[in-house]
Amino acid sequence: MSRPPSVKNRPSDDRTASVSSVLVLDQVKKTFTANKTTITALDGVSCQIRPHRVTGLIGPDGAGKTTLMRLSAALLRPDCGTLRALDIDVVREPLRVQAQVGYMPQRFGLYEDLSVQENLDLYADLQGVPKEARHERYTRLLAMAGLEDFRHRLAGRLSGGMKQKLGLVCTLVRPPRLLLLDEPTVGVDPISRRELWEIVYRLVETEGMSVLLSTAYLDEAERCTEVVLIHQGHILGHDRPQAFSRQVTGRIWSVRAPHVAKRSLQLRLSNDPAVLDALILGKTIRVVSHTAGKLHLADPPAEPYRMDPVEPRFEDYFVATLKKNSRTADSAAQITLGQNNHRIGDEDVIVAENLVRRFGSFYAVDRVSFRVRRGEIFGLLGANGAGKTTTFRMLCGLLPISSGSCSVAGMNLRTAASAARSRIGYMAQKFSLYGNLTVLQNLGFFASAYGLRGQDRTDRINWALQTFALTPYTNSEGQSLPLGFKQRLALAAALMHEPEVLFLDEPTSGVDPLARREFWVQINSLADQGVTVLVTTHFMEEAEYCDRLVIMAEGKVLAEGSPESLKEGFDNENGQEATMEDVFIGLLKKQQKTGEAG
Amino acid sequence: MKPGRNMRLAGLIRKEYLQVLRDPSSIAIAFVLPVILLLIFGYGVSLDATNIRVALVIEQPDNIARNFAGSFDRSPYFAPEAFSSIQEAETALRHAEVDGIVWLRSDFGSRYLHKDGPPIGLIVNGVDANTARLIEGYVQGIWFTWLEQQSELAGKKLTSPVQLEQRIWYNPAVRSTDFLIPGILAVIMTLIGALLTALVIAREWERGTMEALLVTRISAPEILLGKLIPYFFLGMGGLGLSLVMAKFLFHVPMRGSLWLLLATSALFLWVALGMGFFISTVFRSQFVAALVAMVSTFLPAFILSGFIFDIRSMPVIIQGLTYLIAARYYVTILQTLFLVGDVWSVLWPNAAILALMGLFFHGVVYRKTKKILQ
């Protein structure tokens with residue numbers, strides 16, 4: 001496999017990099033061995049992180065971000081290569097490094113049965129913060145995180161965003177010179193996410209801290225001072241975020257054709273030979289062309305349509321670089337269902353009416369109502385803990401409802417016979433496959449579980465292997481597959497019995513943007529054939545791919561509608577179209593205001 | 001000692017204390033479970049057999065036979081039931097209405113004093129081997145006593161060359177409670193030392209709190225010490241509670257000195273904590289750690305420590321295995337201290353072996369624990 005050309009590694013203007021860098025990695029290699037297979041997490045990585053700025057370590061899941069972070073915090077030993085943090089050899093003097101470096105793991109270990117104050121005290125004790133200095137430090141940090149009023153609340157009772165901020169505060173009780181943050185913003189609601197970024201920048205400005213922050217969200221690249229792009233254990237580039245996107249200047253277009261449905265427009269554009277990538281974004285399709293210069297479509301949509309050049313983003317660079325390299329035959333194309341007898345009509349396939357789920361006195365889902373029509377892609381958008389998965393489980397009949405009602409394809413799945421369940425497909429978060437069965441055995445199992453026998457079973461398994469380009473992996477174990485292929489296998493398993501309703505719970509969490517695009521091509525083609533799709537996501541931009549969606553927070557529906565209708569009224573002051581994130585934040589703020597007023 | 005170390009340790013211990021207070025499952029393992037175990041073993045389980053139901057088959061109910069049957073009636077161990085034929089008695093045994101059959105044939109009266117073997121038959125339900133052996137012993141006892149009496153009455157000296165005079169030392173009433181309760185203490189200490197500790201450490205791995213601890217300036221031995229100290233005191237608390245119950249509820253005698261009991265218990269608790277640490281360094285999920293702790297420490301403390309099942313009656317291989325079980329040595333110490341007194345010749349070697357085991361486990365854990373993730 002050829003490696004993509006990388007952005008030149010760090011401008012050569014500072015020859016004294018090793019002195020002025022807070023973290024230096026030199027030819028660092030790290031492999032993990034499990035079940036006789038060796039995974040190379042980092043393959044000879046060299047980079048230098050410079051002081052007093054926020055450096056983003058950006059890459060999809062499995063790129064090696066967490067390994068790099070843990071190596072830098074002396075929690076892992078490299079196989080070979082050297083690491084120096086703050087001019088201390090990390091391998092030789094781990095305790096000295098840990099005394100000066102702050103590290104916040106992906107799942108920060110808050111003691112949930114301790115209060116905010118008690119957690120702070122513990123970390124202050126562990127970091128040796130003198131008693132006299134604590135009061136002032138606590139006050140400052142808690143004010144920064146907006147947690148002053150929650151000092152005596154148990155950490156387990158905080159919302160996801162607050163927990164994340166408390167984790168950060170605990171890491172900061174003794175101000176570190178270098179702060180390592182491993183995916184601090186994943187699954188956090190957009191307001192808390194914005195606040196986390198504000199805190200990070202304030203630390204850099206007021207305390208002169210140096211921050212290395214990893215994230216799988218490519219749209220966060222633009223918030224960093226510098227970006228290290230990492231993919232499959234290799235560093236693809238290290239530069240200012242604008243320097244990455246500048247490389248694809250002139251190749252990014254926004255196409256708008258008011259009379260063509262956006263999904264079919266996207267399909268048409270992505271099949272065009274001049275187009276590398278086409279993505280739905282609001283009312284328009286964002287196109288990356290193969291070459292810079294005027295975009296000449298071989299098969300333009302019907303008039304009237306508009307094509308405008310737009311500013312490139314970091315993700316465009318990522319897609320342009322990697323899609324070019326991996327444009328091989330193994331990418332799964334559109335899905336064609338074997339027998340397509342699903343009528344496209346107007347009836348409601350999924351109905352939720354005042355759905356409530358209580359756990360004790362806690363309302364996980366609070367009076368949620370929506371209707372999904374046949375062949376529609378319907379999204380549930382919200383942060384972790386918003387009640388999406390709980391809603392899902394009630395609809396699928398996996399969890400009893402406290403009050404209200406719901407039906408799928410006219411039936412209540414909690415009480416309906418198994419025949420009714422065979423009409424739905426379910427793809428769980430984290431892909432519930434059997435890791436130690438091969439691809440073929442997994443498909444065979446799910447086919448049997450859905451009651452397929454004999455020739456039918458063989459046909460469907462072959463269909464799945466071909467449609468999802470899994471044939472080369474037929475005899476590989478499920479757990480050894482790359483993440484993108486695991487996701488394909490999970491989708492294939494959910495489609496074995498050609499369901500008319502498909503439930504997808506956080507289907508693209510952590511997969512890279514290319515796999516995510518591929519996945520949505522497949523979902524779109526299913527919807528076009530009349531399959532009703534209900535999908536949960538915490539990716540704001542993924543909401544753009546849905547026909548309609550509800551935005552959820554703390555168990556309640558904040559708004560319902562198509563992405564376009566939701567954006568109305570949230571447009572920026574300078575007339576730009578609002579992003580889904582703007583909508584979300586606007587809705588949350590509005591809700592807080594009415595909450596205070598009431 | 002470095003100045004920062006005390007602060008770190010104090011912080012960790014306070015955290016552990018708060019967690020135990022707020023987590024009902026720790027309280028349950030440390031205090032509720034011991035009480036339940038003590039109640040079950042103190043009141044429920046008794047290895048003494050009384051009122052054993054036996055079928056007495058008397059084919060020829062003459063005076064001699066009736067006389068012999070009378071000694072079953074008088075015995076506190078038996079609740080005899082008369083049957084006239086062996087077939088009926090066998091049916092009763094098959095239906096589990098009786099646990100054994102004592103069969104006096106028709107020629108019992110004429111032959112009981114002859115030398116060519118006693119004319120009584122004994123059939124025992126061997127499903128419960130323990131009870132079966134007890135019945136066997138008790139029936140023999142009754143038979144010999146009766147025979148002796150008969151010989152004396154007949155003016156003959158019994159031809160037995162040896163006169164057996166039995167004394168049971170240290171537990172003259174042969175109350176099983178008196179040796180079960182000390183034994184159960186070993187189980188309770190294993191529970192708190194090994195199971196609870198392995199669980200709480202695995203929980204820190206599972207919840208990601210360990211990773212957050214590891215990157216602070218704390219050292220690996222400090223993390224261990226921060227667990228050792230609180231759970232040591234929790235274990236001694238459980239012990240204290242059990243001792244009070246043993247003394248005032250079950251009236252188990254305490255013949256040895258209290259300080260020796262506390263010292264040896266502290267030693268054993270230290271060993272159990274070592275085993276708990278050892279398990280948790282290898283297994284980092286609560287589920288697996290609990291299973292491994294159950295199978296490797298808790299169950300052996302029950303089965304192989306000699307507190308319920310006599311080690312000498314085990315197959316040789318299993319006997320060899322018991323030497324690896326720390327609870328075995330502690331049970332010996334406990335039973336000696338409770339029922340006999342300060343017998344140094346028993347206490348020293350057992351305590352020495354415990355100390356060696358403790359050194360082994362803590363040594364391995366100390367060497368293995370590094371501030372490194374897998």
# chains A, B, ... in the order shown; residues from 1 in each chain; ligands from 1
$ closest_atom_pairs --of "chain B" --to "chain A" --cutoff "9 Å" --atoms "only C-alpha atoms" --output "tab-separated table"
residue	atom	partner	partner_atom	distance
B:Gly4	CA	A:Gly128	CA	5.8
B:Arg5	CA	A:Gly128	CA	8.4
B:Met7	CA	A:Asp125	CA	5.5
B:Arg8	CA	A:Leu126	CA	4.6
B:Leu9	CA	A:Leu126	CA	8.0
B:Ala10	CA	A:Asp125	CA	7.8
B:Gly11	CA	A:Leu122	CA	5.2
B:Leu12	CA	A:Leu122	CA	6.8
B:Arg14	CA	A:Leu122	CA	8.2
B:Lys15	CA	A:Leu122	CA	6.8
B:Leu18	CA	A:Leu114	CA	7.2
B:Gln19	CA	A:Asp113	CA	6.4
B:Arg22	CA	A:Asp113	CA	6.7
B:Asp23	CA	A:Asp113	CA	7.6
B:Glu204	CA	A:Gly109	CA	8.1
B:Arg207	CA	A:Gly109	CA	6.3
B:Gly208	CA	A:Gly109	CA	4.6
B:Thr209	CA	A:Gly109	CA	3.4
B:Met210	CA	A:Gly109	CA	6.9
B:Glu211	CA	A:Gly109	CA	6.9
B:Ala212	CA	A:Gly109	CA	5.4
B:Leu213	CA	A:Gly109	CA	7.9
B:Leu214	CA	A:Leu75	CA	7.5
B:Val215	CA	A:Gln98	CA	5.6
B:Thr216	CA	A:Gln98	CA	5.8
B:Arg217	CA	A:Ala99	CA	4.9
B:Ile218	CA	A:Leu126	CA	6.3
B:Ser219	CA	A:Leu95	CA	7.5
B:Lys371	CA	A:Leu75	CA	6.4
B:Ile372	CA	A:Leu75	CA	4.6
B:Leu373	CA	A:Leu75	CA	5.6
B:Gln374	CA	A:Leu76	CA	7.4
$ write_last_selection --atoms "C-alpha atoms" --output "mmCIF file, in the first residue's frame"
data_model
loop_
_atom_site.group_PDB
_atom_site.id
_atom_site.type_symbol
_atom_site.label_atom_id
_atom_site.label_comp_id
_atom_site.auth_asym_id
_atom_site.auth_seq_id
_atom_site.Cartn_x
_atom_site.Cartn_y
_atom_site.Cartn_z
ATOM 1 C CA GLY B 4 4.416 14.544 49.367
ATOM 2 C CA ARG B 5 3.936 10.878 50.053
ATOM 3 C CA MET B 7 -0.460 13.632 51.498
ATOM 4 C CA ARG B 8 -0.930 11.275 48.582
ATOM 5 C CA LEU B 9 -1.532 8.285 50.829
ATOM 6 C CA ALA B 10 -3.927 10.216 53.039
ATOM 7 C CA GLY B 11 -5.827 11.324 49.935
ATOM 8 C CA LEU B 12 -6.104 7.792 48.605
ATOM 9 C CA ARG B 14 -9.831 9.055 52.422
ATOM 10 C CA LYS B 15 -11.132 8.335 48.943
ATOM 11 C CA LEU B 18 -15.736 7.490 51.250
ATOM 12 C CA GLN B 19 -16.251 4.909 48.530
ATOM 13 C CA ARG B 22 -21.244 5.073 49.735
ATOM 14 C CA ASP B 23 -21.043 1.757 47.980
ATOM 15 C CA GLU B 204 -10.764 1.050 39.024
ATOM 16 C CA ARG B 207 -14.061 2.664 35.132
ATOM 17 C CA GLY B 208 -10.847 4.210 33.853
ATOM 18 C CA THR B 209 -9.988 5.706 37.221
ATOM 19 C CA MET B 210 -6.772 3.679 37.367
ATOM 20 C CA GLU B 211 -5.481 5.333 34.211
ATOM 21 C CA ALA B 212 -6.150 8.728 35.764
ATOM 22 C CA LEU B 213 -4.365 7.697 38.975
ATOM 23 C CA LEU B 214 -1.361 6.312 37.126
ATOM 24 C CA VAL B 215 -0.527 9.579 35.425
ATOM 25 C CA THR B 216 -0.355 11.505 38.675
ATOM 26 C CA ARG B 217 2.942 11.665 40.505
ATOM 27 C CA ILE B 218 1.986 8.735 42.676
ATOM 28 C CA SER B 219 4.240 5.661 42.609
ATOM 29 C CA LYS B 371 2.772 2.222 36.260
ATOM 30 C CA ILE B 372 2.171 0.855 32.812
ATOM 31 C CA LEU B 373 -0.967 -0.009 30.904
ATOM 32 C CA GLN B 374 -1.101 -3.210 28.913
#
$ residues_around --residues "segment 176-186 of chain B" --least-positions-apart "5" --cutoff "10 Å" --atoms "only C-alpha atoms" --output "PyMOL selection string"
chain B and resi 34+37-39+41-48+170-171+191+238-239+242-243+245-247+250-254+265+268-269+272+298+301-302+305-308+326-339
$ residues_around --residues "Phe539 of chain A" --least-positions-apart "5" --cutoff "10 Å" --atoms "only C-alpha atoms" --output "ChimeraX atom specification"
/A:186-187,189-190,217,381-383,506,508-509,544,580-581
$ closest_residue --among "B:Pro230, B:Gly141, B:Gly100, B:Gly70" --to "Val20 of chain B" --atoms "only C-alpha atoms"
B:Pro230
$ select_by_dssp --residues "segment 114-223 of chain A" --states "strand (DSSP E or B)" --output "ChimeraX atom specification"
/A:115,154,178-182,210-215
$ write_last_selection --atoms "C-alpha atoms" --output "compact mmCIF listing (two decimals), in the first residue's frame"
# COMPACT_ATOMS: atom_id res chain seq x y z
CA SER A 115 -18.61 14.66 45.07
CA LEU A 154 -21.78 13.53 43.25
CA LEU A 178 2.18 20.29 29.01
CA LEU A 179 -1.42 19.16 28.84
CA LEU A 180 -2.39 16.01 26.93
CA LEU A 181 -6.10 15.70 26.22
CA ASP A 182 -7.30 12.44 24.67
CA SER A 210 1.10 23.83 25.84
CA VAL A 211 -1.73 21.56 24.79
CA LEU A 212 -1.84 18.44 22.66
CA LEU A 213 -5.45 17.50 22.01
CA SER A 214 -6.63 14.49 20.06
CA THR A 215 -9.95 14.30 18.27
$ decode --residues "segment 220-256 of chain A" --atoms "N, CA and C atoms" --output "CSV table (one decimal), in the first residue's frame"
chain,number,residue,atom,x,y,z
A,220,GLU,N,-12.9,19.9,14.0
A,220,GLU,CA,-12.3,20.6,15.1
A,220,GLU,C,-10.9,21.0,14.7
A,221,ALA,N,-10.4,20.6,13.6
A,221,ALA,CA,-9.0,20.9,13.2
A,221,ALA,C,-8.9,22.4,13.1
A,222,GLU,N,-9.9,23.1,12.6
A,222,GLU,CA,-9.8,24.5,12.4
A,222,GLU,C,-9.7,25.3,13.7
A,223,ARG,N,-10.0,24.7,14.8
A,223,ARG,CA,-9.9,25.4,16.0
A,223,ARG,C,-8.5,25.3,16.6
A,224,CYS,N,-7.7,24.4,16.0
A,224,CYS,CA,-6.3,24.2,16.6
A,224,CYS,C,-5.3,25.2,16.0
A,225,THR,N,-4.3,25.5,16.7
A,225,THR,CA,-3.2,26.4,16.1
A,225,THR,C,-2.4,25.6,15.1
A,226,GLU,N,-2.1,24.4,15.4
A,226,GLU,CA,-1.5,23.5,14.5
A,226,GLU,C,-2.1,22.1,14.5
A,227,VAL,N,-1.9,21.4,13.5
A,227,VAL,CA,-2.6,20.1,13.4
A,227,VAL,C,-1.6,19.0,13.0
A,228,VAL,N,-1.6,17.9,13.7
A,228,VAL,CA,-0.9,16.7,13.3
A,228,VAL,C,-1.9,15.7,12.8
A,229,LEU,N,-1.8,15.4,11.5
A,229,LEU,CA,-2.8,14.5,11.0
A,229,LEU,C,-2.2,13.1,11.0
A,230,ILE,N,-2.9,12.2,11.6
A,230,ILE,CA,-2.4,10.8,11.8
A,230,ILE,C,-3.4,9.8,11.3
A,231,HIS,N,-2.9,8.8,10.6
A,231,HIS,CA,-3.7,7.8,9.9
A,231,HIS,C,-3.0,6.5,9.9
A,232,GLN,N,-3.6,5.5,10.4
A,232,GLN,CA,-3.0,4.1,10.4
A,232,GLN,C,-1.6,4.1,10.9
A,233,GLY,N,-1.3,4.8,12.0
A,233,GLY,CA,0.0,4.7,12.6
A,233,GLY,C,1.0,5.6,11.9
A,234,HIS,N,0.7,6.3,10.9
A,234,HIS,CA,1.6,7.2,10.2
A,234,HIS,C,1.2,8.7,10.4
A,235,ILE,N,2.1,9.6,10.4
A,235,ILE,CA,1.8,11.0,10.5
A,235,ILE,C,1.8,11.5,9.0
A,236,LEU,N,0.6,12.0,8.6
A,236,LEU,CA,0.4,12.4,7.2
A,236,LEU,C,0.9,13.8,7.0
A,237,GLY,N,0.9,14.6,8.1
A,237,GLY,CA,1.3,16.0,8.0
A,237,GLY,C,1.2,16.7,9.3
A,238,HIS,N,2.0,17.8,9.3
A,238,HIS,CA,2.0,18.6,10.6
A,238,HIS,C,2.1,20.1,10.1
A,239,ASP,N,1.1,20.8,10.3
A,239,ASP,CA,1.1,22.2,9.9
A,239,ASP,C,-0.1,23.0,10.4
A,240,ARG,N,-0.2,24.2,10.1
A,240,ARG,CA,-1.4,25.0,10.4
A,240,ARG,C,-2.5,24.4,9.7
A,241,PRO,N,-3.7,24.4,10.3
A,241,PRO,CA,-4.9,23.8,9.6
A,241,PRO,C,-5.2,24.4,8.2
A,242,GLN,N,-5.0,25.7,8.1
A,242,GLN,CA,-5.2,26.4,6.9
A,242,GLN,C,-4.3,25.9,5.8
A,243,ALA,N,-3.1,25.5,6.2
A,243,ALA,CA,-2.1,25.0,5.2
A,243,ALA,C,-2.5,23.7,4.6
A,244,PHE,N,-3.3,22.9,5.4
A,244,PHE,CA,-3.8,21.7,4.8
A,244,PHE,C,-4.9,22.0,3.8
A,245,SER,N,-5.8,22.8,4.2
A,245,SER,CA,-7.0,23.0,3.3
A,245,SER,C,-6.6,23.8,2.1
A,246,ARG,N,-5.6,24.7,2.3
A,246,ARG,CA,-5.1,25.5,1.1
A,246,ARG,C,-4.7,24.6,-0.1
A,247,GLN,N,-4.3,23.4,0.2
A,247,GLN,CA,-3.8,22.5,-0.9
A,247,GLN,C,-4.9,22.1,-1.8
A,248,VAL,N,-6.1,22.2,-1.3
A,248,VAL,CA,-7.3,21.8,-2.2
A,248,VAL,C,-8.1,23.0,-2.7
A,249,THR,N,-7.5,24.2,-2.5
A,249,THR,CA,-8.2,25.4,-3.0
A,249,THR,C,-8.5,25.2,-4.5
A,250,GLY,N,-9.7,25.6,-4.8
A,250,GLY,CA,-10.1,25.6,-6.2
A,250,GLY,C,-10.7,24.3,-6.6
A,251,ARG,N,-10.8,23.3,-5.7
A,251,ARG,CA,-11.4,22.0,-6.0
A,251,ARG,C,-12.7,21.8,-5.3
A,252,ILE,N,-13.1,22.8,-4.5
A,252,ILE,CA,-14.3,22.6,-3.7
A,252,ILE,C,-15.4,23.5,-4.3
A,253,TRP,N,-16.6,22.8,-4.5
A,253,TRP,CA,-17.7,23.5,-5.1
A,253,TRP,C,-19.0,23.2,-4.3
A,254,SER,N,-19.8,24.2,-4.4
A,254,SER,CA,-21.1,24.0,-3.8
A,254,SER,C,-22.1,24.0,-4.9
A,255,VAL,N,-22.8,22.9,-5.1
A,255,VAL,CA,-23.8,22.7,-6.1
A,255,VAL,C,-25.2,22.8,-5.6
A,256,ARG,N,-26.0,23.5,-6.3
A,256,ARG,CA,-27.4,23.7,-5.8
A,256,ARG,C,-28.4,23.6,-7.0
